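Peer 1: Data: input38.txt, compact mmCIF, C-alpha atoms.
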# COMPACT_ATOMS: atom_id res chain seq x y z
CA MET A 1 15.91 19.61 -2.17
CA ASN A 2 13.26 19.25 -4.84
CA LYS A 3 10.19 17.70 -3.25
CA LYS A 4 7.54 16.14 -5.46
CA PHE A 5 4.22 14.52 -4.56
CA ILE A 6 3.95 10.84 -5.51
CA ALA A 7 0.49 9.31 -4.97
CA LEU A 8 1.29 5.66 -4.24
CA ALA A 9 -2.25 4.47 -3.68
CA VAL A 10 -3.55 6.12 -6.84
CA ALA A 11 -0.76 4.64 -8.96
CA ALA A 12 -1.51 1.19 -7.56
CA ALA A 13 -5.02 1.27 -8.98
CA ALA A 14 -3.61 1.41 -12.52
CA PHE A 15 -1.48 -1.75 -12.21
CA GLY A 16 -1.87 -4.08 -15.16
CA THR A 17 -4.31 -1.89 -17.07
CA SER A 18 -4.26 0.84 -19.69
CA ALA A 19 -5.66 3.21 -17.02
CA GLN A 20 -8.01 4.74 -19.58
CA ALA A 21 -11.02 6.92 -18.89
CA VAL A 22 -13.37 9.16 -20.86
CA GLU A 23 -13.43 12.77 -19.72
CA LEU A 24 -17.00 14.05 -19.91
CA TYR A 25 -16.49 17.46 -18.32
CA ASN A 26 -13.57 19.84 -17.80
CA LYS A 27 -14.35 23.44 -16.96
CA ASP A 28 -13.40 26.05 -14.36
CA GLY A 29 -11.12 23.64 -12.47
CA SER A 30 -13.70 20.84 -12.36
CA THR A 31 -13.45 17.49 -14.16
CA PHE A 32 -15.64 14.40 -14.41
CA THR A 33 -14.57 11.09 -16.00
CA ILE A 34 -15.93 7.58 -16.47
CA GLY A 35 -13.63 4.58 -16.78
CA GLY A 36 -13.20 0.90 -16.10
CA HIS A 37 -13.26 -2.19 -18.28
CA ALA A 38 -15.35 -5.21 -19.18
CA THR A 39 -13.55 -8.54 -19.46
CA VAL A 40 -15.22 -11.72 -20.68
CA GLY A 41 -13.81 -14.97 -22.01
CA VAL A 42 -13.70 -18.68 -21.37
CA ALA A 43 -11.95 -20.56 -18.59
CA GLY A 44 -11.66 -24.01 -17.09
CA GLY A 45 -9.33 -26.50 -15.54
CA ASP A 46 -8.72 -30.11 -14.60
CA ALA A 47 -11.38 -29.86 -11.88
CA ASP A 48 -13.66 -27.29 -13.57
CA HIS A 49 -15.90 -27.46 -16.60
CA PHE A 50 -15.08 -25.27 -19.59
CA ALA A 51 -17.35 -22.22 -19.30
CA VAL A 52 -17.79 -18.53 -20.02
CA ASP A 53 -15.89 -16.48 -17.44
CA GLN A 54 -15.32 -12.86 -16.42
CA LYS A 55 -12.11 -11.28 -15.09
CA SER A 56 -12.83 -8.45 -12.65
CA PRO A 57 -15.00 -6.19 -14.86
CA ARG A 58 -15.65 -2.81 -13.29
CA ILE A 59 -16.95 0.69 -13.94
CA ASN A 60 -15.83 3.83 -12.16
CA MET A 61 -16.59 7.52 -11.96
CA GLU A 62 -14.21 10.21 -10.77
CA ALA A 63 -14.58 13.94 -10.21
CA THR A 64 -11.92 16.49 -9.27
CA GLN A 65 -12.05 20.11 -8.16
CA ASP A 66 -9.20 22.60 -8.06
CA LEU A 67 -9.40 24.31 -4.66
CA GLY A 68 -6.67 26.84 -5.38
CA ASN A 69 -3.32 27.32 -3.63
CA GLY A 70 -2.14 24.01 -5.13
CA PHE A 71 -4.84 21.83 -3.54
CA THR A 72 -7.07 19.46 -5.54
CA VAL A 73 -9.91 17.38 -4.11
CA ASP A 74 -11.11 14.20 -5.84
CA VAL A 75 -13.83 11.64 -5.29
CA LYS A 76 -14.01 8.20 -6.88
CA GLY A 77 -16.50 5.36 -6.90
CA GLU A 78 -15.82 2.02 -8.56
CA TRP A 79 -18.17 -0.96 -8.79
CA ALA A 80 -17.59 -4.54 -9.86
CA LEU A 81 -19.91 -5.58 -12.68
CA ASN A 82 -21.78 -8.90 -12.69
CA MET A 83 -21.87 -9.69 -16.41
CA LEU A 84 -22.86 -13.35 -16.26
CA ASN A 85 -25.43 -14.12 -13.59
CA GLY A 86 -28.81 -12.80 -14.62
CA GLY A 87 -31.06 -11.83 -11.73
CA ASP A 88 -28.19 -11.33 -9.26
CA ASN A 89 -26.88 -7.98 -8.02
CA SER A 90 -25.33 -6.10 -10.92
CA PHE A 91 -22.94 -3.89 -8.89
CA THR A 92 -20.83 -4.32 -5.76
CA THR A 93 -18.40 -1.80 -4.30
CA ARG A 94 -14.72 -2.02 -5.21
CA LEU A 95 -13.58 1.51 -4.41
CA GLY A 96 -15.09 4.61 -2.86
CA TYR A 97 -13.08 7.48 -1.41
CA ILE A 98 -12.46 11.22 -1.18
CA GLY A 99 -8.94 12.60 -1.31
CA VAL A 100 -7.07 15.90 -1.18
CA SER A 101 -3.72 16.30 -2.96
CA HIS A 102 -0.97 18.90 -3.01
CA ASP A 103 2.38 18.79 -4.84
CA GLU A 104 4.25 19.78 -1.68
CA TYR A 105 2.11 18.46 1.18
CA GLY A 106 1.18 15.10 -0.34
CA ARG A 107 -2.15 13.31 -0.46
CA LEU A 108 -4.70 12.39 2.21
CA ALA A 109 -7.61 10.12 1.30
CA ALA A 110 -10.34 8.27 3.21
CA GLY A 111 -12.60 5.41 2.14
CA THR A 112 -12.21 2.07 0.41
CA GLN A 113 -9.03 2.44 -1.65
CA TRP A 114 -5.90 0.68 -2.85
CA SER A 115 -3.60 0.60 0.16
CA PRO A 116 0.00 1.80 0.52
CA TYR A 117 0.85 -1.83 1.37
CA TYR A 118 -0.50 -2.94 -2.01
CA ALA A 119 1.50 -0.25 -3.80
CA ALA A 120 4.61 -2.05 -2.54
CA ALA A 121 3.47 -5.71 -2.47
CA GLY A 122 1.34 -5.64 -5.65
CA ILE A 123 4.09 -4.88 -8.18
CA ALA A 124 3.85 -8.41 -9.64
CA ASP A 125 0.03 -8.32 -9.81
CA MET A 126 0.04 -7.41 -13.49
CA PRO A 127 -1.42 -10.07 -15.83
CA ILE A 128 -5.15 -10.19 -16.49
CA ALA A 129 -5.63 -13.87 -15.71
CA PHE A 130 -3.31 -15.24 -13.00
CA ALA A 131 -1.17 -13.49 -10.34
CA ASN A 132 -0.79 -12.62 -6.64
CA GLU A 133 -3.69 -14.59 -5.14
CA PHE A 134 -2.20 -14.44 -1.63
CA LEU A 135 -2.70 -10.67 -1.45
CA TYR A 136 -6.48 -11.09 -1.61
CA ASP A 137 -7.06 -13.24 1.49
CA ASN A 138 -9.34 -10.97 3.57
CA HIS A 139 -7.69 -8.04 1.78
CA GLY A 140 -10.43 -5.53 2.52
CA ALA A 141 -10.26 -5.98 6.29
CA LEU A 142 -6.51 -6.67 6.50
CA GLY A 143 -5.53 -3.82 4.15
CA THR A 144 -3.43 -5.81 1.68
CA GLY A 145 -5.38 -4.86 -1.45
CA ARG A 146 -8.46 -2.66 -1.72
CA ALA A 147 -8.58 -1.72 1.96
CA ASP A 148 -12.00 -1.06 3.47
CA GLY A 149 -12.44 2.10 5.53
CA LEU A 150 -8.82 3.20 5.13
CA VAL A 151 -7.35 6.62 5.88
CA ALA A 152 -4.09 6.94 3.93
CA TYR A 153 -1.41 9.59 3.59
CA THR A 154 1.16 9.37 0.77
CA ASN A 155 3.98 11.64 -0.29
CA GLY A 156 7.44 11.55 -1.82
CA PHE A 157 10.77 13.26 -2.34
CA ASP A 158 12.28 13.62 -5.82
CA PHE A 159 16.07 13.86 -5.84
CA GLY A 160 16.47 14.24 -9.60
CA ASN A 161 19.15 11.92 -10.99
CA ALA A 162 19.63 10.44 -7.51
CA GLY A 163 16.13 8.90 -7.63
CA ALA A 164 12.92 9.33 -5.67
CA LEU A 165 11.83 8.25 -2.20
CA ASN A 166 8.13 7.68 -1.62
CA PHE A 167 6.16 6.60 1.43
CA GLY A 168 2.64 5.87 2.58
CA LEU A 169 0.86 5.55 5.92
CA GLY A 170 -2.54 3.98 6.55
CA TRP A 171 -5.04 3.31 9.35
CA GLN A 172 -8.23 1.21 9.47
CA GLY A 173 -10.77 1.01 12.27
CA SER A 174 -12.35 -2.17 13.67
CA GLN A 175 -14.47 -4.17 11.22
CA ASP A 176 -15.83 -7.65 10.52
CA LEU A 177 -13.76 -10.05 8.44
CA ASP A 178 -16.96 -10.94 6.56
CA SER A 179 -19.68 -8.27 6.49
CA ASP A 180 -22.29 -10.94 5.70
CA ASN A 181 -21.18 -13.17 8.57
CA PRO A 182 -20.09 -11.33 11.75
CA ALA A 183 -19.44 -14.69 13.45
CA ALA A 184 -16.45 -15.14 11.12
CA GLY A 185 -14.49 -12.77 13.36
CA TYR A 186 -13.23 -9.22 13.21
CA VAL A 187 -10.06 -7.15 13.10
CA ASP A 188 -9.21 -4.36 15.50
CA ASP A 189 -7.50 -1.06 14.65
CA ARG A 190 -4.87 -1.65 11.98
CA GLY A 191 -1.92 0.42 10.81
CA GLN A 192 0.40 0.17 7.83
CA VAL A 193 3.45 1.82 6.35
CA ALA A 194 5.13 1.55 2.94
CA LEU A 195 8.50 2.84 1.74
CA GLY A 196 9.86 2.78 -1.79
CA TYR A 197 12.85 4.05 -3.74
CA ASP A 198 13.07 4.49 -7.53
CA ILE A 199 16.26 5.04 -9.49
CA ALA A 200 17.29 4.36 -13.12
CA GLY A 201 14.31 2.10 -13.82
CA PHE A 202 14.75 0.07 -10.61
CA ASN A 203 12.36 0.13 -7.67
CA VAL A 204 12.68 -1.41 -4.19
CA ASN A 205 9.98 -1.42 -1.50
CA TYR A 206 9.17 -2.40 2.06
CA ALA A 207 5.67 -2.53 3.53
CA TYR A 208 4.10 -3.50 6.85
CA THR A 209 0.51 -3.94 7.94
CA GLY A 210 -0.58 -5.12 11.37
CA GLY A 211 -3.27 -5.24 14.03
CA ASP A 212 -5.27 -7.68 16.15
CA ILE A 213 -7.58 -10.28 14.65
CA LYS A 214 -10.24 -12.19 16.62
CA VAL A 215 -11.55 -15.52 15.35
CA LEU A 216 -13.54 -18.00 17.50
CA SER A 217 -12.87 -15.97 20.69
CA GLU A 218 -9.10 -16.14 20.13
CA THR A 219 -7.21 -12.86 19.62
CA GLU A 220 -3.98 -12.93 17.63
CA LYS A 221 -1.74 -10.48 15.82
CA ALA A 222 -2.39 -10.41 12.07
CA GLN A 223 0.63 -8.81 10.46
CA SER A 224 2.74 -8.88 7.32
CA HIS A 225 6.19 -7.67 6.38
CA ALA A 226 6.68 -7.49 2.60
CA VAL A 227 9.74 -6.66 0.53
CA SER A 228 9.67 -6.24 -3.24
CA ALA A 229 11.71 -5.07 -6.17
CA LYS A 230 11.12 -4.47 -9.87
CA TYR A 231 12.78 -3.28 -13.03
CA GLY A 232 11.14 -1.69 -16.07
CA GLN A 233 7.54 -0.97 -17.00
CA TYR A 234 5.00 -3.76 -17.54
CA GLY A 235 4.04 -3.96 -21.22
CA ASN A 236 7.04 -1.94 -22.44
CA GLY A 237 10.17 -4.03 -22.98
CA LEU A 238 11.60 -6.09 -20.12
CA TYR A 239 9.74 -6.15 -16.82
CA VAL A 240 10.96 -8.17 -13.82
CA ALA A 241 9.39 -8.10 -10.36
CA GLY A 242 9.44 -10.15 -7.19
CA VAL A 243 7.66 -10.05 -3.81
CA VAL A 244 8.29 -11.89 -0.53
CA ALA A 245 5.77 -11.56 2.31
CA MET A 246 6.34 -12.83 5.87
CA ASN A 247 2.88 -13.26 7.32
CA ASP A 248 1.25 -14.09 10.65
CA ASN A 249 -2.47 -14.92 10.55
CA MET A 250 -2.86 -13.32 7.14
CA ASN A 251 -3.48 -16.27 4.78
CA ASN A 252 -6.26 -18.84 4.67
CA TYR A 253 -6.50 -22.50 3.73
CA GLY A 254 -10.19 -23.10 3.18
CA ASP A 255 -11.85 -21.74 6.33
CA ASP A 256 -8.69 -22.06 8.42
CA LEU A 257 -6.46 -19.11 9.25
CA LEU A 258 -2.78 -20.08 8.96
CA GLU A 259 -0.60 -19.02 11.88
CA GLU A 260 2.66 -18.35 10.04
CA THR A 261 3.20 -18.29 6.28
CA ARG A 262 5.67 -17.11 3.68
CA ALA A 263 4.32 -15.94 0.34
CA TYR A 264 6.30 -15.51 -2.87
CA GLU A 265 5.45 -14.00 -6.24
CA ALA A 266 7.77 -13.41 -9.20
CA ILE A 267 7.15 -12.37 -12.80
CA VAL A 268 9.25 -11.89 -15.92
CA ALA A 269 7.51 -10.17 -18.84
CA TYR A 270 8.50 -8.69 -22.16
CA GLY A 271 6.41 -6.22 -24.12
CA LEU A 272 7.09 -6.00 -27.85
CA THR A 273 6.63 -2.84 -29.89
CA ASN A 274 3.54 -4.35 -31.56
CA SER A 275 1.89 -4.48 -28.07
CA LEU A 276 2.26 -8.26 -27.63
CA ASN A 277 3.22 -8.85 -24.00
CA LEU A 278 4.50 -12.26 -22.90
CA SER A 279 4.97 -13.24 -19.26
CA VAL A 280 5.87 -16.09 -16.93
CA ASN A 281 5.05 -15.92 -13.24
CA TYR A 282 5.46 -18.09 -10.15
CA GLU A 283 3.56 -17.95 -6.87
CA SER A 284 3.65 -20.01 -3.69
CA VAL A 285 2.54 -19.92 -0.07
CA SER A 286 4.23 -22.08 2.56
CA ASP A 287 3.12 -23.02 6.09
CA GLU A 288 6.21 -22.23 8.16
CA LYS A 289 4.90 -24.03 11.25
CA LYS A 290 4.50 -27.33 9.39
CA SER A 291 7.30 -26.78 6.84
CA GLU A 292 4.83 -27.59 4.06
CA THR A 293 3.79 -25.87 0.83
CA VAL A 294 0.16 -24.71 0.94
CA TYR A 295 0.07 -24.18 -2.83
CA ALA A 296 2.37 -23.32 -5.71
CA THR A 297 1.54 -22.31 -9.27
CA SER A 298 3.26 -21.05 -12.40
CA ALA A 299 1.57 -19.44 -15.39
CA ILE A 300 2.48 -18.51 -18.95
CA GLN A 301 0.41 -15.65 -20.34
CA ALA A 302 0.12 -13.48 -23.44
CA GLU A 303 -1.73 -10.20 -23.92
CA TYR A 304 -2.17 -8.30 -27.19
CA ASP A 305 -3.85 -4.98 -27.99
CA ILE A 306 -6.19 -5.50 -30.94
CA HIS A 307 -7.03 -1.81 -30.55
CA PRO A 308 -5.93 0.78 -27.95
CA ARG A 309 -9.19 0.02 -26.13
CA VAL A 310 -9.39 -3.75 -26.76
CA ARG A 311 -6.92 -6.26 -25.31
CA ALA A 312 -6.98 -10.01 -25.97
CA PHE A 313 -5.37 -12.46 -23.57
CA VAL A 314 -4.64 -16.17 -23.21
CA ALA A 315 -3.11 -17.93 -20.22
CA TYR A 316 -2.33 -21.36 -18.82
CA GLN A 317 -1.53 -21.94 -15.14
CA PHE A 318 0.31 -25.06 -13.96
CA ASP A 319 -0.68 -26.42 -10.56
CA LEU A 320 2.63 -27.27 -8.87
CA GLN A 321 0.64 -28.54 -5.87
CA GLY A 322 1.05 -28.27 -2.16
CA SER A 323 2.78 -30.81 0.04
CA GLY A 324 1.84 -32.96 3.02
CA GLU A 325 -1.73 -32.38 4.17
CA TYR A 326 -2.08 -29.59 1.60
CA LYS A 327 -1.44 -31.82 -1.39
CA ALA A 328 -4.50 -32.35 -3.59
CA GLU A 329 -5.22 -33.49 -7.13
CA LYS A 330 -3.69 -31.30 -9.80
CA ASP A 331 -5.91 -28.56 -11.12
CA ASN A 332 -4.19 -26.87 -14.04
CA GLN A 333 -6.15 -23.79 -15.17
CA TYR A 334 -6.58 -22.03 -18.51
CA ALA A 335 -8.26 -18.81 -19.60
CA ALA A 336 -8.71 -16.71 -22.73
CA GLY A 337 -10.77 -13.67 -23.51
CA VAL A 338 -11.02 -9.99 -24.35
CA ARG A 339 -10.83 -6.87 -22.18
CA PHE A 340 -12.62 -3.75 -23.42
CA PHE A 341 -11.44 -0.54 -21.76
CA LEU A 342 -14.11 2.10 -21.23
Please, can you express the file's structure as structure tokens?
Peer 2:
Amino acid sequence: MNKKFIALAVAAAAFGTSAQAVELYNKDGSTFTIGGHATVGVAGGDADHFAVDQKSPRINMEATQDLGNGFTVDVKGEWALNMLNGGDNSFTTRLGYIGVSHDEYGRLAAGTQWSPYYAAAGIADMPIAFANEFLYDNHGALGTGRADGLVAYTNGFDFGNAGALNFGLGWQGSQDLDSDNPAAGYVDDRGQVALGYDIAGFNVNYAYTGGDIKVLSETEKAQSHAVSAKYGQYGNGLYVAGVVAMNDNMNNYGDDLLEETRAYEAIVAYGLTNSLNLSVNYESVSDEKKSETVYATSAIQAEYDIHPRVRAFVAYQFDLQGSGEYKAEKDNQYAAGVRFFL
């Protein structure tokens, strides 16, 4: 059997981007690179004024060192940029970890990093403007996106023409849901697992994350089972992806934690040879206890590379509204801007 290392968490960090970086140093088995992107444009909606907006600008630095015998150690720090609010903090942590990789033995990393769960559940989180909001409810503490204080192990088996099996395991220690407000509650030790299989351009995944959550002196299980599938590569021809997550105490409505929800995300995109990428996506979260829709949206989006390092985008999101007590006035959203890759 031909076994090949597949770093799920590392690949997840490149979703929806050109994954570019500038290599400043490469000598004697050591490298140092700087990357990231700055994204600024305009945005608004039915309930919001038209204004200048930013879409997750960040800067990162990464260093690697060849340790010999097939082992490589890497360290990465990534910080969100505040490009609009003068006088506020300019940088906040997005990622920060140290990892060790080996083609045979896999990868072990510790710190704030994209989780194995996200590698499976984030396959539709591609467009610049609108997608996969439900993954980011308390994602740092719950481990559904950029997981805080995560130890993760990832590896894979390559079977040649028969495809590739990859998997990831993760663990997080106890931590506050909101570091600025300990009274908001905390989560206890959490574990997660992700499995995926790739063959002939198709990919299917399963992921689980779970552990106790304590809010207002009540302790409950906060867990999610997610299944997903995709075909193709985003930005290159046809790309289709869908995610279903079955959640307990994972999603919020305002300040309220919802006991049982189902979350759905689907996207169909087509990337032309001239780099124009068109997409349509749909997202919804339902309250299974009340049989009501918490929210539902659909967006049409276009992205175009003016230059290999400069991408323009325009998007319009339709508010399909919630139902019952969750129904509110429509708030259709729009956004347009430019992303500059460092």
Peer 1: Please indicate the distance in Å from CA of Glu283 in chain A to CA of Gln233 in chain A, rounded to one decimal place.
Peer 2: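 Separating CA of Glu283 in chain A from CA of Gln233 in chain A is a distance of 20.2 Å.
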Peer 1: What are the closest atom pairs, with distances in Å to one decimal, for all residues of range 207-285 of chain A lying within 12 Å of range 325-332 of chain A? Consider only C-alpha atoms, order rows by chain and residue number, and present the result as CSV.
Peer 2:
residue,atom,partner,partner_atom,distance
A:Asn252,CA,A:Tyr326,CA,11.9
A:Tyr253,CA,A:Tyr326,CA,8.6
A:Gly254,CA,A:Tyr326,CA,10.5
A:Val285,CA,A:Tyr326,CA,10.8
Peer 1: In Å, with one decimal, what is the gap from CA of His307 in chain A to CA of Asn274 in chain A?
Peer 2: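 Distance reported for this atom pair: 10.9 Å.
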Peer 1: How far is it from CA of Ala110 in chain A to CA of Gly96 in chain A, in Å with one decimal?
Peer 2: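 Pair CA of Ala110 in chain A / CA of Gly96 in chain A returns 8.5 Å.
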Peer 1: Around the point (-20.3, -3.9, -15.2), in the coordinates given by the file, pick out the residues reaching within 9 Å, counting only C-alpha atoms, and return them as a PyMOL selection string.
Peer 2: chain A and resi 36-38+57-59+79-83+90-91
Peer 1: Output C-alpha atoms of each residue in that selection to a file, as a PDB file, keeping the file's coordinate frame.
Peer 2:
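Saved the output as part.pdb:
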ATOM      1  CA  GLY A  36     -13.200   0.900 -16.100  1.00  0.00           C
ATOM      2  CA  HIS A  37     -13.260  -2.190 -18.280  1.00  0.00           C
ATOM      3  CA  ALA A  38     -15.350  -5.210 -19.180  1.00  0.00           C
ATOM      4  CA  PRO A  57     -15.000  -6.190 -14.860  1.00  0.00           C
ATOM      5  CA  ARG A  58     -15.650  -2.810 -13.290  1.00  0.00           C
ATOM      6  CA  ILE A  59     -16.950   0.690 -13.940  1.00  0.00           C
ATOM      7  CA  TRP A  79     -18.170  -0.960  -8.790  1.00  0.00           C
ATOM      8  CA  ALA A  80     -17.590  -4.540  -9.860  1.00  0.00           C
ATOM      9  CA  LEU A  81     -19.910  -5.580 -12.680  1.00  0.00           C
ATOM     10  CA  ASN A  82     -21.780  -8.900 -12.690  1.00  0.00           C
ATOM     11  CA  MET A  83     -21.870  -9.690 -16.410  1.00  0.00           C
ATOM     12  CA  SER A  90     -25.330  -6.100 -10.920  1.00  0.00           C
ATOM     13  CA  PHE A  91     -22.940  -3.890  -8.890  1.00  0.00           C
TER      14      PHE A  91
END
Peer 1: Nearest to Asn69 in chain A: which of A:Thr92, A:Ser101, A:Asn138, A:Asn277 is it, counting all atoms listed in the file?
Peer 2: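 The answer is A:Ser101, which sits nearest to Asn69 in chain A.
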Peer 1: With distances taken over all atoms listed in the file, which residue among A:Gly77, A:Pro127, A:Gly145, A:Gly160 lies nearest Val268 in chain A?
Peer 2: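 Answer, going by the shortest atom-to-atom distance: A:Pro127.
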Peer 1: Could you rebuild range 24-42 of chain A with N, CA and C atoms and give me the result as a PDB file, in the coordinates of the input?
Peer 2:
ATOM      1  N   LEU A  24     -15.723  13.516 -19.466  1.00  0.00           N
ATOM      2  CA  LEU A  24     -17.000  14.050 -19.910  1.00  0.00           C
ATOM      3  C   LEU A  24     -17.138  15.542 -19.630  1.00  0.00           C
ATOM      4  N   TYR A  25     -16.342  16.057 -18.694  1.00  0.00           N
ATOM      5  CA  TYR A  25     -16.490  17.460 -18.320  1.00  0.00           C
ATOM      6  C   TYR A  25     -15.145  17.989 -17.832  1.00  0.00           C
ATOM      7  N   ASN A  26     -14.792  19.188 -18.264  1.00  0.00           N
ATOM      8  CA  ASN A  26     -13.570  19.840 -17.800  1.00  0.00           C
ATOM      9  C   ASN A  26     -13.750  21.347 -17.958  1.00  0.00           C
ATOM     10  N   LYS A  27     -14.078  22.013 -16.877  1.00  0.00           N
ATOM     11  CA  LYS A  27     -14.350  23.440 -16.960  1.00  0.00           C
ATOM     12  C   LYS A  27     -14.173  24.088 -15.589  1.00  0.00           C
ATOM     13  N   ASP A  28     -13.547  25.243 -15.568  1.00  0.00           N
ATOM     14  CA  ASP A  28     -13.400  26.050 -14.360  1.00  0.00           C
ATOM     15  C   ASP A  28     -12.796  25.252 -13.202  1.00  0.00           C
ATOM     16  N   GLY A  29     -11.798  24.404 -13.511  1.00  0.00           N
ATOM     17  CA  GLY A  29     -11.120  23.640 -12.470  1.00  0.00           C
ATOM     18  C   GLY A  29     -11.836  22.390 -12.024  1.00  0.00           C
ATOM     19  N   SER A  30     -12.945  22.048 -12.691  1.00  0.00           N
ATOM     20  CA  SER A  30     -13.700  20.840 -12.360  1.00  0.00           C
ATOM     21  C   SER A  30     -13.595  19.826 -13.493  1.00  0.00           C
ATOM     22  N   THR A  31     -13.453  18.546 -13.155  1.00  0.00           N
ATOM     23  CA  THR A  31     -13.450  17.490 -14.160  1.00  0.00           C
ATOM     24  C   THR A  31     -14.373  16.359 -13.720  1.00  0.00           C
ATOM     25  N   PHE A  32     -14.843  15.594 -14.696  1.00  0.00           N
ATOM     26  CA  PHE A  32     -15.640  14.400 -14.410  1.00  0.00           C
ATOM     27  C   PHE A  32     -15.329  13.370 -15.488  1.00  0.00           C
ATOM     28  N   THR A  33     -14.942  12.155 -15.069  1.00  0.00           N
ATOM     29  CA  THR A  33     -14.570  11.090 -16.000  1.00  0.00           C
ATOM     30  C   THR A  33     -15.260   9.788 -15.630  1.00  0.00           C
ATOM     31  N   ILE A  34     -15.424   8.945 -16.652  1.00  0.00           N
ATOM     32  CA  ILE A  34     -15.930   7.580 -16.470  1.00  0.00           C
ATOM     33  C   ILE A  34     -14.898   6.623 -17.045  1.00  0.00           C
ATOM     34  N   GLY A  35     -14.608   5.551 -16.328  1.00  0.00           N
ATOM     35  CA  GLY A  35     -13.630   4.580 -16.780  1.00  0.00           C
ATOM     36  C   GLY A  35     -13.986   3.174 -16.340  1.00  0.00           C
ATOM     37  N   GLY A  36     -12.991   2.302 -16.456  1.00  0.00           N
ATOM     38  CA  GLY A  36     -13.200   0.900 -16.100  1.00  0.00           C
ATOM     39  C   GLY A  36     -12.963  -0.007 -17.289  1.00  0.00           C
ATOM     40  N   HIS A  37     -13.372  -1.251 -17.169  1.00  0.00           N
ATOM     41  CA  HIS A  37     -13.260  -2.190 -18.280  1.00  0.00           C
ATOM     42  C   HIS A  37     -14.211  -3.358 -18.078  1.00  0.00           C
ATOM     43  N   ALA A  38     -14.549  -3.991 -19.180  1.00  0.00           N
ATOM     44  CA  ALA A  38     -15.350  -5.210 -19.180  1.00  0.00           C
ATOM     45  C   ALA A  38     -14.496  -6.332 -19.754  1.00  0.00           C
ATOM     46  N   THR A  39     -14.401  -7.439 -19.039  1.00  0.00           N
ATOM     47  CA  THR A  39     -13.550  -8.540 -19.460  1.00  0.00           C
ATOM     48  C   THR A  39     -14.331  -9.842 -19.417  1.00  0.00           C
ATOM     49  N   VAL A  40     -14.482 -10.460 -20.575  1.00  0.00           N
ATOM     50  CA  VAL A  40     -15.220 -11.720 -20.680  1.00  0.00           C
ATOM     51  C   VAL A  40     -14.428 -12.680 -21.550  1.00  0.00           C
ATOM     52  N   GLY A  41     -14.498 -13.954 -21.214  1.00  0.00           N
ATOM     53  CA  GLY A  41     -13.810 -14.970 -22.010  1.00  0.00           C
ATOM     54  C   GLY A  41     -14.292 -16.345 -21.623  1.00  0.00           C
ATOM     55  N   VAL A  42     -13.415 -17.305 -21.768  1.00  0.00           N
ATOM     56  CA  VAL A  42     -13.700 -18.680 -21.370  1.00  0.00           C
ATOM     57  C   VAL A  42     -12.596 -19.143 -20.434  1.00  0.00           C
TER      58      VAL A  42
END
